[in-house]
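Taking it in order: structure first as structure tokens, then the write-up.
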Amino acid sequence: VPGLPLIGNLLQLKDKKPHQTFAKWAEMYGPIYSIKTGASTVVVLNNSHVAKE
């Protein structure tokens, strides 16, 4: 998911319901995607089938 330098996607996750943001990104980018949270990269697995694989 595209984000800003240094802070990555943190500003996009400022909502109190980040799971809704993750679901929206899954529709756009598929069930597996990565986001930047500051200096860390987080891989998001957006459904149980993908997580079991």
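In the structure tokens, chains take letters A, B, ... by order of appearance, with residues numbered from 1 within each chain and ligands from 1 in the order shown.
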For Leu6 (chain A), find every residue with an atom within 12 Å (counting only C-alpha atoms), except residues of its own chain fewer than 6 positions away, and show them as a count of residues only.
6
Can you list every residue in chain A that DSSP puts in strand (DSSP E or B), as a list of chain:residue names?
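Answer for chain A restricted to strand (DSSP E or B) is A:Leu4, A:Gly8, A:Ile32, A:Tyr33, A:Ser34, A:Ile35, A:Lys36, A:Thr37, A:Ser40, A:Thr41, A:Val42, A:Val43, A:Val44, A:Leu45.
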Shell around Ala23 (chain A) at 12 Å using only C-alpha atoms, local window under 6 positions removed, as a count of residues only
10
Extract the full set of alpha helix (DSSP H) residues from region 2-51 of chain A according to DSSP on the backbone, and format it as a ChimeraX atom specification.
/A:18-29,48-51
Can you list, as number ranges by chain, every protein, DNA or RNA residue that comes within 8 Å of Gln12 (chain A) when you count only C-alpha atoms, leaving out same-chain residues fewer than 3 positions away?
A: 9, 15, 21
How would the residues just chosen look if you wrote them out with C-alpha atoms as a CSV table (one decimal), in the first residue's frame?
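The result, stored in selection_7.csv:
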chain,number,residue,atom,x,y,z
A,9,ASN,CA,0.9,4.3,6.4
A,15,ASP,CA,-9.1,5.9,12.5
A,21,THR,CA,-9.2,0.3,6.4
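One finds CA of Pro5 (chain A) at 22.9 Å from CA of His19 (chain A).
Taking CA of Leu10 (chain A) and CA of Ser48 (chain A) as endpoints, the distance between them is 24.4 Å.
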So how many Å separate CA of Val42 (chain A) and CA of Phe22 (chain A), to one decimal?
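Computing it gives 11.9 Å between the two atoms.
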